[in-house]
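Asks: Below is entry-v3.cif; it holds mmCIF, C-alpha atoms (C1' of nucleotides).
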data_target
loop_
_atom_site.label_atom_id
_atom_site.label_comp_id
_atom_site.auth_asym_id
_atom_site.auth_seq_id
_atom_site.Cartn_x
_atom_site.Cartn_y
_atom_site.Cartn_z
CA MET A 29 19.10 -1.85 19.94
CA LEU A 30 19.04 -3.83 16.69
CA ASP A 31 21.57 -6.61 16.23
CA ASN A 32 22.62 -8.39 13.04
CA THR A 33 19.97 -11.08 13.43
CA ASP A 34 17.21 -8.48 13.65
CA SER A 35 18.53 -6.71 10.56
CA HIS A 36 18.67 -10.01 8.75
CA ILE A 37 15.07 -10.74 9.76
CA LEU A 38 13.88 -7.35 8.48
CA ASP A 39 15.77 -7.96 5.29
CA GLU A 40 14.19 -11.33 4.68
CA LEU A 41 10.70 -10.15 5.61
CA SER A 42 11.08 -7.23 3.21
CA LYS A 43 11.83 -9.70 0.46
CA ASN A 44 9.02 -12.08 1.48
CA SER A 45 6.76 -11.31 4.39
CA ARG A 46 4.81 -14.54 4.02
CA ILE A 47 7.78 -16.75 4.77
CA THR A 48 7.16 -19.21 7.61
CA MET A 49 8.84 -18.56 10.96
CA LYS A 50 10.54 -21.94 10.59
CA GLU A 51 12.07 -21.04 7.22
CA LEU A 52 12.96 -17.55 8.37
CA GLY A 53 14.60 -19.18 11.38
CA GLU A 54 16.75 -21.34 9.11
CA LYS A 55 17.93 -18.25 7.25
CA VAL A 56 18.94 -16.44 10.43
CA HIS A 57 20.15 -19.57 12.27
CA LEU A 58 17.43 -19.73 14.89
CA THR A 59 14.57 -22.10 15.71
CA GLY A 60 10.99 -21.29 14.76
CA PRO A 61 9.83 -20.13 18.20
CA ALA A 62 12.95 -17.99 18.73
CA THR A 63 12.41 -16.31 15.37
CA SER A 64 8.75 -15.81 16.13
CA ALA A 65 9.67 -14.11 19.43
CA ARG A 66 12.13 -11.80 17.65
CA VAL A 67 9.52 -10.81 15.09
CA ALA A 68 6.93 -10.17 17.82
CA LYS A 69 9.44 -7.87 19.51
CA LEU A 70 10.04 -5.97 16.28
CA GLU A 71 6.29 -5.57 15.92
CA ASP A 72 5.82 -4.40 19.53
CA SER A 73 8.63 -1.88 19.24
CA GLY A 74 6.93 -0.44 16.16
CA ILE A 75 9.86 -1.10 13.84
CA ILE A 76 7.68 -3.46 11.83
CA GLU A 77 4.63 -1.28 11.16
CA GLY A 78 2.77 -3.88 9.17
CA TYR A 79 2.70 -6.57 6.53
CA THR A 80 1.63 -5.68 3.03
CA ILE A 81 1.80 -6.60 -0.64
CA LYS A 82 3.34 -5.01 -3.69
CA VAL A 83 0.65 -4.60 -6.34
CA ASN A 84 1.52 -4.15 -10.01
CA GLN A 85 -0.27 -0.90 -10.78
CA GLU A 86 0.24 -1.28 -14.54
CA LYS A 87 -1.66 -4.58 -14.46
CA MET A 88 -4.34 -2.91 -12.37
CA GLY A 89 -4.82 -0.49 -15.25
CA TYR A 90 -2.92 2.44 -13.78
CA SER A 91 -0.43 3.12 -16.54
CA VAL A 92 0.17 6.84 -15.84
CA HIS A 93 2.41 7.53 -12.85
CA SER A 94 2.82 11.19 -12.05
CA ILE A 95 4.41 13.53 -9.55
CA ILE A 96 2.60 16.81 -9.08
CA HIS A 97 4.33 19.77 -7.44
CA VAL A 98 1.62 21.66 -5.62
CA TYR A 99 1.75 25.38 -4.81
CA THR A 100 -1.08 26.52 -2.58
CA LYS A 101 -2.46 29.89 -3.52
CA ASN A 102 -3.85 30.96 -0.19
CA THR A 103 -2.95 30.06 3.39
CA ASN A 104 -5.84 27.68 3.87
CA HIS A 105 -4.80 24.26 2.62
CA GLN A 106 -8.02 22.54 3.59
CA PRO A 107 -9.77 22.79 0.19
CA TYR A 108 -6.77 21.11 -1.43
CA LEU A 109 -6.56 18.42 1.24
CA SER A 110 -10.29 17.73 0.91
CA PHE A 111 -9.94 17.49 -2.83
CA ILE A 112 -7.23 14.83 -2.72
CA LYS A 113 -9.11 12.97 0.02
CA ASN A 114 -12.08 12.79 -2.35
CA HIS A 115 -9.79 11.47 -5.09
CA ASN A 116 -7.73 9.11 -2.94
CA GLN A 117 -8.02 6.24 -5.42
CA TYR A 118 -5.43 8.12 -7.47
CA VAL A 119 -3.15 9.16 -4.61
CA ILE A 120 -0.05 7.17 -3.71
CA ASN A 121 1.61 9.77 -1.48
CA ASN A 122 1.04 13.36 -0.50
CA TYR A 123 4.13 14.82 1.14
CA LYS A 124 4.18 18.22 2.76
CA VAL A 125 7.59 19.53 1.85
CA SER A 126 9.94 22.40 2.46
CA GLY A 127 11.53 24.00 -0.57
CA GLU A 128 9.88 25.44 -3.64
CA SER A 129 6.53 23.73 -3.61
CA CYS A 130 4.18 23.16 -0.66
CA TYR A 131 3.19 19.58 -1.39
CA LEU A 132 4.55 16.80 -3.50
CA LEU A 133 1.69 14.67 -4.72
CA GLU A 134 2.38 11.25 -6.19
CA CYS A 135 -0.53 9.82 -8.18
CA LYS A 136 -1.49 7.03 -10.54
CA PHE A 137 -4.08 7.23 -13.33
CA GLN A 138 -5.65 4.88 -15.83
CA SER A 139 -5.11 7.30 -18.69
CA ASN A 140 -4.04 10.80 -19.60
CA ALA A 141 -7.71 11.68 -19.97
CA ILE A 142 -8.33 10.86 -16.33
CA LEU A 143 -5.17 12.69 -15.31
CA ASP A 144 -6.43 15.68 -17.26
CA GLU A 145 -9.76 15.55 -15.47
CA PHE A 146 -7.98 15.34 -12.12
CA LEU A 147 -5.74 18.31 -12.94
CA THR A 148 -8.73 20.37 -14.03
CA GLY A 149 -10.31 19.80 -10.64
CA LEU A 150 -7.03 20.39 -8.84
CA SER A 151 -6.49 23.75 -10.50
CA ASN A 152 -9.54 25.11 -8.68
CA PHE A 153 -7.59 25.00 -5.44
CA VAL A 154 -3.87 25.18 -6.17
CA SER A 155 -1.20 25.84 -8.76
CA TYR A 156 0.91 22.90 -9.84
CA LYS A 157 3.73 21.63 -11.99
CA LEU A 158 3.41 18.20 -13.52
CA SER A 159 6.05 15.50 -13.90
CA ILE A 160 5.40 12.09 -15.43
CA VAL A 161 7.39 9.11 -14.21
CA ILE A 162 9.12 7.44 -17.14
CA ASN A 163 11.00 4.73 -15.32
CA LYS A 164 11.78 2.99 -12.05
CA MET B 126 -10.57 -9.72 -15.19
CA LEU B 127 -10.74 -8.83 -11.51
CA ASP B 128 -13.99 -9.37 -9.66
CA ASN B 129 -15.11 -7.97 -6.31
CA THR B 130 -13.70 -10.91 -4.39
CA ASP B 131 -10.26 -10.42 -5.92
CA SER B 132 -10.34 -6.73 -5.09
CA HIS B 133 -11.38 -7.56 -1.56
CA ILE B 134 -8.51 -10.05 -1.28
CA LEU B 135 -6.00 -7.45 -2.49
CA ASP B 136 -7.45 -4.98 -0.04
CA GLU B 137 -7.13 -7.32 2.91
CA LEU B 138 -3.64 -8.48 1.94
CA SER B 139 -2.55 -4.85 1.64
CA LYS B 140 -3.69 -4.32 5.21
CA ASN B 141 -2.17 -7.57 6.48
CA SER B 142 -0.26 -9.86 4.17
CA ARG B 143 0.44 -12.39 6.91
CA ILE B 144 -3.22 -13.23 7.43
CA THR B 145 -3.97 -16.95 7.12
CA MET B 146 -5.82 -18.17 4.05
CA LYS B 147 -8.56 -19.43 6.36
CA GLU B 148 -9.08 -16.01 7.99
CA LEU B 149 -8.81 -14.22 4.66
CA GLY B 150 -11.40 -16.66 3.35
CA GLU B 151 -13.79 -15.71 6.15
CA LYS B 152 -13.44 -12.05 5.23
CA VAL B 153 -14.24 -12.66 1.56
CA HIS B 154 -16.79 -15.46 2.20
CA LEU B 155 -14.78 -18.32 0.80
CA THR B 156 -13.14 -21.45 2.20
CA GLY B 157 -9.40 -21.64 2.84
CA PRO B 158 -8.47 -23.65 -0.27
CA ALA B 159 -10.65 -21.48 -2.53
CA THR B 160 -9.00 -18.36 -1.16
CA SER B 161 -5.59 -19.91 -1.54
CA ALA B 162 -6.33 -20.70 -5.19
CA ARG B 163 -7.46 -17.12 -5.82
CA VAL B 164 -4.30 -15.72 -4.28
CA ALA B 165 -2.13 -18.12 -6.30
CA LYS B 166 -3.85 -16.87 -9.43
CA LEU B 167 -3.19 -13.24 -8.49
CA GLU B 168 0.46 -14.13 -7.97
CA ASP B 169 0.74 -15.99 -11.27
CA SER B 170 -0.86 -13.15 -13.18
CA GLY B 171 1.71 -10.78 -11.69
CA ILE B 172 -0.85 -8.56 -10.00
CA ILE B 173 0.62 -9.49 -6.63
CA GLU B 174 4.31 -8.78 -7.17
CA GLY B 175 5.39 -9.77 -3.70
CA TYR B 176 4.88 -9.74 0.03
CA THR B 177 6.72 -7.19 2.12
CA ILE B 178 6.76 -5.23 5.37
CA LYS B 179 6.39 -1.59 6.26
CA VAL B 180 9.41 -0.53 8.31
CA ASN B 181 9.31 2.57 10.51
CA GLN B 182 12.28 4.51 9.16
CA GLU B 183 12.23 6.99 12.04
CA LYS B 184 12.74 4.14 14.49
CA MET B 185 15.50 2.81 12.27
CA GLY B 186 17.30 6.11 12.81
CA TYR B 187 16.41 7.68 9.46
CA SER B 188 14.79 10.92 10.62
CA VAL B 189 15.51 13.02 7.53
CA HIS B 190 13.27 12.27 4.57
CA SER B 191 14.10 14.23 1.45
CA ILE B 192 13.13 14.61 -2.17
CA ILE B 193 15.93 15.73 -4.45
CA HIS B 194 15.19 17.15 -7.89
CA VAL B 195 18.09 16.14 -10.05
CA TYR B 196 19.22 18.03 -13.17
CA THR B 197 21.89 16.21 -15.12
CA LYS B 198 24.53 18.51 -16.52
CA ASN B 199 25.68 16.45 -19.44
CA THR B 200 24.02 13.80 -21.55
CA ASN B 201 25.72 10.87 -19.85
CA HIS B 202 23.68 9.90 -16.81
CA GLN B 203 25.86 6.95 -15.87
CA PRO B 204 28.08 8.75 -13.31
CA TYR B 205 24.96 9.87 -11.45
CA LEU B 206 23.37 6.43 -11.60
CA SER B 207 26.58 4.84 -10.34
CA PHE B 208 26.74 7.34 -7.51
CA ILE B 209 23.26 6.54 -6.22
CA LYS B 210 23.86 2.82 -6.66
CA ASN B 211 26.87 3.21 -4.38
CA HIS B 212 24.73 5.05 -1.86
CA ASN B 213 21.64 2.88 -2.12
CA GLN B 214 21.22 2.59 1.63
CA TYR B 215 19.85 6.14 1.47
CA VAL B 216 17.72 5.70 -1.63
CA ILE B 217 14.00 4.96 -1.41
CA ASN B 218 13.11 5.73 -5.03
CA ASN B 219 14.80 7.15 -8.08
CA TYR B 220 12.27 8.15 -10.71
CA LYS B 221 13.21 9.23 -14.18
CA VAL B 222 10.68 11.94 -14.94
CA SER B 223 9.49 14.22 -17.66
CA GLY B 224 9.09 17.88 -16.79
CA GLU B 225 11.59 20.28 -15.29
CA SER B 226 14.06 17.92 -13.64
CA CYS B 227 15.54 14.71 -15.04
CA TYR B 228 15.23 12.54 -11.95
CA LEU B 229 13.27 12.67 -8.77
CA LEU B 230 15.32 11.08 -6.02
CA GLU B 231 13.64 10.14 -2.75
CA CYS B 232 16.09 9.51 0.09
CA LYS B 233 16.31 8.96 3.83
CA PHE B 234 19.17 10.02 6.09
CA GLN B 235 20.12 9.62 9.74
CA SER B 236 20.95 13.32 10.07
CA ASN B 237 21.39 16.54 8.21
CA ALA B 238 25.14 16.02 8.45
CA ILE B 239 24.86 12.80 6.47
CA LEU B 240 22.48 14.45 4.02
CA ASP B 241 25.03 17.22 3.59
CA GLU B 242 27.78 14.71 2.89
CA PHE B 243 25.55 12.97 0.35
CA LEU B 244 24.72 16.23 -1.40
CA THR B 245 28.37 17.19 -1.55
CA GLY B 246 29.11 13.97 -3.35
CA LEU B 247 26.05 14.32 -5.56
CA SER B 248 27.02 17.80 -6.72
CA ASN B 249 30.05 16.32 -8.48
CA PHE B 250 27.74 14.78 -11.04
CA VAL B 251 24.50 16.74 -11.19
CA SER B 252 22.69 19.89 -10.18
CA TYR B 253 19.84 19.53 -7.75
CA LYS B 254 17.11 21.20 -5.77
CA LEU B 255 16.36 19.92 -2.29
CA SER B 256 13.00 19.41 -0.60
CA ILE B 257 12.58 18.03 2.90
CA VAL B 258 9.47 16.03 3.72
CA ILE B 259 7.71 17.57 6.71
CA ASN B 260 4.73 15.30 6.94
CA LYS B 261 2.92 12.26 5.66
"C1'" DG C 168 32.32 -13.38 44.91
"C1'" DC C 169 28.21 -15.64 45.18
"C1'" DT C 170 23.29 -15.59 44.45
"C1'" DT C 171 19.29 -13.91 42.06
"C1'" DT C 172 17.11 -12.21 38.18
"C1'" DT C 173 16.69 -11.53 33.47
"C1'" DT C 174 17.24 -12.58 28.76
"C1'" DA C 175 17.45 -15.46 24.91
"C1'" DC C 176 17.27 -19.54 23.40
"C1'" DT C 177 15.95 -24.89 22.61
"C1'" DT C 178 12.97 -28.77 23.02
"C1'" DT C 179 8.55 -30.91 23.31
"C1'" DA C 180 3.66 -31.31 22.69
"C1'" DT C 181 -0.70 -29.46 21.30
"C1'" DT C 182 -3.33 -26.74 18.33
"C1'" DT C 183 -4.02 -24.85 13.94
"C1'" DA C 184 -3.23 -23.97 9.09
"C1'" DT C 185 -1.75 -25.55 4.62
"C1'" DG C 186 -2.09 -28.12 0.46
"C1'" DA C 187 -3.41 -32.13 -2.21
"C1'" DA C 188 -7.19 -34.92 -3.84
"C1'" DA C 189 -11.83 -35.96 -4.83
"C1'" DG C 190 -16.18 -34.55 -6.00
"C1'" DG C 191 -20.26 -31.40 -7.03
"C1'" DA C 192 -22.76 -27.42 -9.11
"C1'" DG C 193 -23.15 -24.07 -12.58
"C1'" DT C 194 -21.58 -22.30 -17.15
"C1'" DT C 195 -20.11 -22.51 -21.78
"C1'" DA C 196 -19.33 -24.94 -26.21
"C1'" DG C 197 -19.93 -28.33 -29.66
"C1'" DC D 262 -27.77 -33.49 -24.79
"C1'" DT D 263 -23.33 -34.23 -23.58
"C1'" DA D 264 -18.56 -32.83 -22.69
"C1'" DA D 265 -15.33 -29.86 -20.88
"C1'" DC D 266 -14.26 -26.19 -17.92
"C1'" DT D 267 -14.42 -23.23 -13.96
"C1'" DC D 268 -14.98 -22.49 -9.33
"C1'" DC D 269 -16.06 -23.97 -5.39
"C1'" DT D 270 -16.52 -27.35 -0.97
"C1'" DT D 271 -15.23 -31.20 1.84
"C1'" DT D 272 -11.91 -34.36 3.61
"C1'" DC D 273 -7.48 -35.73 5.07
"C1'" DA D 274 -2.40 -35.93 5.49
"C1'" DT D 275 1.32 -33.00 6.39
"C1'" DA D 276 3.56 -28.99 8.12
"C1'" DA D 277 3.79 -24.85 10.87
"C1'" DA D 278 2.50 -22.00 14.79
"C1'" DT D 279 2.04 -21.52 19.58
"C1'" DA D 280 2.28 -22.47 24.44
"C1'" DA D 281 4.89 -24.45 28.13
"C1'" DA D 282 8.84 -26.14 30.33
"C1'" DG D 283 13.54 -26.19 30.86
"C1'" DT D 284 18.57 -24.52 30.07
"C1'" DA D 285 22.51 -21.57 29.78
"C1'" DA D 286 24.73 -17.28 29.83
"C1'" DA D 287 24.87 -12.48 31.08
"C1'" DA D 288 23.55 -8.65 34.17
"C1'" DA D 289 22.26 -6.94 38.64
"C1'" DG D 290 22.08 -7.08 43.64
"C1'" DC D 291 23.90 -7.99 48.16
#
Go through the file and emit its structure as structure tokens.
Replies:
Amino acid sequence: MLDNTDSHILDELSKNSRITMKELGEKVHLTGPATSARVAKLEDSGIIEGYTIKVNQEKMGYSVHSIIHVYTKNTNHQPYLSFIKNHNQYVINNYKVSGESCYLLECKFQSNAILDEFLTGLSNFVSYKLSIVINK
Amino acid sequence: MLDNTDSHILDELSKNSRITMKELGEKVHLTGPATSARVAKLEDSGIIEGYTIKVNQEKMGYSVHSIIHVYTKNTNHQPYLSFIKNHNQYVINNYKVSGESCYLLECKFQSNAILDEFLTGLSNFVSYKLSIVINK
DNA sequence: GCTTTTTACTTTATTTATGAAAGGAGTTAG
DNA sequence: CTAACTCCTTTCATAAATAAAGTAAAAAGC
């Protein structure tokens, strides 16, 4: 399904998705058009879902990176899901998980004050445990 | 520091980082060279850290997405850190966190069998609690 | 076992984008 | 009032993308 050349292409595009097809071709020992065709195939198959950028959240003013373990009180999760939808500027990921908690909510905030405000709102709908990301 | 046009540029590049500077310029009402200069500035300032792709991990054969709460037994974390470095094909993120656990380890696996094998190895160094991501 | 089809590539030529250079308008500073 | 700076546009040379044609090897069909 995926040969070495394809893996190499994914690898290089992960490192720099704005590389030219010509340059990428040189790295994987193919011509520009051949590389372009390979990439188009990876897109069509859905393996490449899209092209994006890595943004430095610290420099964007989001210095607080937190993981919130969410425990829904009642069976209806909708109020919680609406709440985070209304605060999606803070949300990085919201995973529904098996295990102890119901959701694992990854968020970024400009300050502890704003985190505090968010948590105050959140506590209207669910219980939670807070972790702050220290590194990596 | 960051005006509306810059925000718009970041927004569009997040959606599609392979867009041409000309097209991106049309979206933000600027010419190609002007857009190109803006983007170069965002790169130089470190706000744009890089250009990458979103890969569909399911289609890559990684159907098991897990979050592992790691509790280090002793004060020396190095054995754990070495272990995950040696198994980095499975690792998506390894966050050092405040709160209950010491690390929050996000991993992908091809199967529960491989997850099991990973956990068996992991338990030589640390205690853990396992969560499996069900959605989103 | 030979032909046909398919796949994956290269080469060539055209279209299109990039990037450098020059210049203009508006803003700030002396 | 002038000078310097910022941010943009326009123009043009260069480079890349894309479409089309052709080739070679592997797979499928008879």
Asks: Counting only C-alpha atoms (C1' of nucleotides), collect the residues of chain B whose closest atom lies at most 12 Å from chain D, and write them out as a ChimeraX atom specification.
Replies: /B:145,154-163
Asks: I'd like the neighbourhood of Lys124 in chain A as a PyMOL selection string, where a residue qualifies if any of its atoms comes within 10 Å (using all atoms listed in the file), though same-chain residues fewer than 6 positions away should be ignored.
Replies: (chain A and resi 98+130-133) or (chain B and resi 256-261)
Asks: Given the file above and the PyMOL selection byres ((chain A) within 6 of (chain B)), which residues are selected, and can you give them as a list in words?
Replies: Ser42, Lys43, Asn44, Ser45, Arg46, Ile75, Ile76, Glu77, Gly78, Tyr79, Thr80, Ile81, Lys82, Val83, Asn84, Tyr123, Lys124, Val125, Ser126, Gly127, Ser159, Ile160, Val161, Ile162, Asn163 and Lys164 of chain A
Asks: Could you give me chain A least-squares fitted onto chain B (all C-alpha atoms, paired in order), as a compact mmCIF listing (two decimals) with C-alpha atoms, in the frame of the given file?
Replies:
# COMPACT_ATOMS: atom_id res chain seq x y z
CA MET A 29 -10.51 -9.72 -15.25
CA LEU A 30 -10.68 -8.81 -11.56
CA ASP A 31 -13.95 -9.35 -9.72
CA ASN A 32 -15.08 -7.95 -6.38
CA THR A 33 -13.69 -10.91 -4.44
CA ASP A 34 -10.24 -10.41 -5.95
CA SER A 35 -10.33 -6.71 -5.11
CA HIS A 36 -11.39 -7.55 -1.59
CA ILE A 37 -8.51 -10.02 -1.29
CA LEU A 38 -5.98 -7.42 -2.48
CA ASP A 39 -7.45 -4.97 -0.05
CA GLU A 40 -7.14 -7.29 2.91
CA LEU A 41 -3.65 -8.45 1.96
CA SER A 42 -2.56 -4.82 1.66
CA LYS A 43 -3.73 -4.27 5.20
CA ASN A 44 -2.18 -7.51 6.50
CA SER A 45 -0.27 -9.82 4.21
CA ARG A 46 0.39 -12.35 6.96
CA ILE A 47 -3.26 -13.18 7.46
CA THR A 48 -4.03 -16.90 7.17
CA MET A 49 -5.84 -18.12 4.06
CA LYS A 50 -8.59 -19.41 6.35
CA GLU A 51 -9.14 -16.00 7.95
CA LEU A 52 -8.86 -14.21 4.63
CA GLY A 53 -11.42 -16.68 3.31
CA GLU A 54 -13.84 -15.74 6.09
CA LYS A 55 -13.50 -12.08 5.17
CA VAL A 56 -14.25 -12.69 1.50
CA HIS A 57 -16.79 -15.49 2.10
CA LEU A 58 -14.76 -18.36 0.73
CA THR A 59 -13.13 -21.48 2.16
CA GLY A 60 -9.40 -21.64 2.84
CA PRO A 61 -8.43 -23.65 -0.26
CA ALA A 62 -10.59 -21.49 -2.55
CA THR A 63 -8.97 -18.35 -1.18
CA SER A 64 -5.54 -19.89 -1.52
CA ALA A 65 -6.27 -20.69 -5.19
CA ARG A 66 -7.41 -17.10 -5.83
CA VAL A 67 -4.26 -15.70 -4.26
CA ALA A 68 -2.06 -18.09 -6.28
CA LYS A 69 -3.78 -16.83 -9.43
CA LEU A 70 -3.14 -13.22 -8.47
CA GLU A 71 0.50 -14.10 -7.92
CA ASP A 72 0.81 -15.96 -11.24
CA SER A 73 -0.80 -13.12 -13.16
CA GLY A 74 1.76 -10.75 -11.65
CA ILE A 75 -0.82 -8.52 -9.97
CA ILE A 76 0.62 -9.48 -6.60
CA GLU A 77 4.33 -8.75 -7.13
CA GLY A 78 5.38 -9.76 -3.66
CA TYR A 79 4.87 -9.72 0.07
CA THR A 80 6.71 -7.19 2.16
CA ILE A 81 6.78 -5.23 5.41
CA LYS A 82 6.41 -1.59 6.30
CA VAL A 83 9.44 -0.53 8.34
CA ASN A 84 9.36 2.55 10.56
CA GLN A 85 12.32 4.49 9.18
CA GLU A 86 12.28 6.97 12.08
CA LYS A 87 12.81 4.11 14.53
CA MET A 88 15.56 2.78 12.30
CA GLY A 89 17.33 6.10 12.81
CA TYR A 90 16.43 7.68 9.49
CA SER A 91 14.82 10.89 10.65
CA VAL A 92 15.52 13.02 7.54
CA HIS A 93 13.26 12.27 4.58
CA SER A 94 14.11 14.22 1.47
CA ILE A 95 13.12 14.61 -2.15
CA ILE A 96 15.92 15.73 -4.44
CA HIS A 97 15.16 17.15 -7.88
CA VAL A 98 18.06 16.14 -10.07
CA TYR A 99 19.19 18.02 -13.18
CA THR A 100 21.86 16.20 -15.14
CA LYS A 101 24.51 18.48 -16.53
CA ASN A 102 25.66 16.41 -19.45
CA THR A 103 23.96 13.75 -21.56
CA ASN A 104 25.67 10.84 -19.87
CA HIS A 105 23.65 9.87 -16.81
CA GLN A 106 25.83 6.93 -15.87
CA PRO A 107 28.04 8.75 -13.32
CA TYR A 108 24.92 9.87 -11.46
CA LEU A 109 23.33 6.42 -11.61
CA SER A 110 26.56 4.83 -10.34
CA PHE A 111 26.72 7.33 -7.53
CA ILE A 112 23.24 6.55 -6.22
CA LYS A 113 23.86 2.82 -6.66
CA ASN A 114 26.89 3.21 -4.38
CA HIS A 115 24.72 5.06 -1.86
CA ASN A 116 21.63 2.86 -2.12
CA GLN A 117 21.23 2.59 1.65
CA TYR A 118 19.85 6.13 1.47
CA VAL A 119 17.70 5.70 -1.64
CA ILE A 120 13.99 4.96 -1.40
CA ASN A 121 13.08 5.73 -5.02
CA ASN A 122 14.77 7.16 -8.07
CA TYR A 123 12.22 8.12 -10.70
CA LYS A 124 13.17 9.22 -14.17
CA VAL A 125 10.66 11.93 -14.91
CA SER A 126 9.47 14.22 -17.64
CA GLY A 127 9.06 17.87 -16.78
CA GLU A 128 11.57 20.26 -15.29
CA SER A 129 14.01 17.91 -13.65
CA CYS A 130 15.51 14.69 -15.04
CA TYR A 131 15.21 12.53 -11.95
CA LEU A 132 13.27 12.67 -8.75
CA LEU A 133 15.30 11.08 -6.00
CA GLU A 134 13.64 10.14 -2.73
CA CYS A 135 16.09 9.50 0.10
CA LYS A 136 16.31 8.95 3.84
CA PHE A 137 19.18 10.01 6.10
CA GLN A 138 20.15 9.62 9.73
CA SER A 139 20.97 13.29 10.08
CA ASN A 140 21.42 16.54 8.21
CA ALA A 141 25.16 16.00 8.43
CA ILE A 142 24.87 12.79 6.45
CA LEU A 143 22.49 14.44 4.01
CA ASP A 144 25.04 17.20 3.58
CA GLU A 145 27.77 14.69 2.88
CA PHE A 146 25.55 12.95 0.33
CA LEU A 147 24.71 16.22 -1.42
CA THR A 148 28.38 17.18 -1.57
CA GLY A 149 29.10 13.94 -3.40
CA LEU A 150 26.03 14.31 -5.59
CA SER A 151 27.02 17.78 -6.74
CA ASN A 152 30.04 16.30 -8.52
CA PHE A 153 27.71 14.76 -11.07
CA VAL A 154 24.48 16.74 -11.23
CA SER A 155 22.67 19.89 -10.20
CA TYR A 156 19.82 19.52 -7.75
CA LYS A 157 17.09 21.19 -5.76
CA LEU A 158 16.36 19.91 -2.29
CA SER A 159 13.01 19.41 -0.59
CA ILE A 160 12.59 18.03 2.92
CA VAL A 161 9.48 16.03 3.75
CA ILE A 162 7.73 17.57 6.74
CA ASN A 163 4.73 15.30 6.97
CA LYS A 164 2.88 12.27 5.67
Asks: With a distance cut-off of 12 Å and only C-alpha atoms (C1' of nucleotides), select the neighbouring residues of Leu147 in chain A, excluding the residue or stretch itself and same-chain residues fewer than 2 positions from it, and output the selection as a list in words.
Replies: Ser94, Ile95, Ile96, His97, Val98, Tyr108, Phe111, Ile112, His115, Tyr118, Leu133, Cys135, Phe137, Asn140, Ala141, Ile142, Leu143, Asp144, Glu145, Gly149, Leu150, Ser151, Asn152, Phe153, Val154, Ser155, Tyr156, Lys157 and Leu158 of chain A
Asks: With the file shown as input, list the residues that the PyMOL selection byres ((chain C) within 9 of (chain B)) selects, as number ranges by chain.
Replies: C: 184-186
Asks: For the selection you just gave me, I'd like the residues written to a file as a short mmCIF file (atom, residue, chain, number, x, y, z; two decimals), in the frame of the given file, keeping C-alpha atoms (C1' of nucleotides).
Replies:
data_model
loop_
_atom_site.label_atom_id
_atom_site.label_comp_id
_atom_site.auth_asym_id
_atom_site.auth_seq_id
_atom_site.Cartn_x
_atom_site.Cartn_y
_atom_site.Cartn_z
"C1'" DA C 184 -3.23 -23.97 9.09
"C1'" DT C 185 -1.75 -25.55 4.62
"C1'" DG C 186 -2.09 -28.12 0.46
#
Asks: Just give me the gap between CA of Ile217 in chain B and CA of Glu231 in chain B in Å, one decimal is fine.
Replies: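 Answer for the CA of Ile217 in chain B to CA of Glu231 in chain B separation: 5.4 Å.
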Asks: Work out how far apart CA of Ser188 in chain B and CA of Lys210 in chain B are and give it in Å to one decimal.
Replies: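 Taking CA of Ser188 in chain B and CA of Lys210 in chain B, their separation equals 21.1 Å.
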Asks: Grab the CA of Glu151 in chain B to C1' of DT182 in chain C distance for me, in Å with one decimal place.
Replies: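 Answer for the CA of Glu151 in chain B to C1' of DT182 in chain C separation: 19.5 Å.
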Asks: Once 3 Å is added on each side, what are the centre and the three edge lengths, in Å to one decimal, of the axis-aligned box enclosing the listed atoms of range 188-192 of chain C? Present them as JSON.
Replies:
{"center_x": -15.0, "center_y": -31.7, "center_z": -6.5, "size_x": 21.6, "size_y": 14.5, "size_z": 11.3}
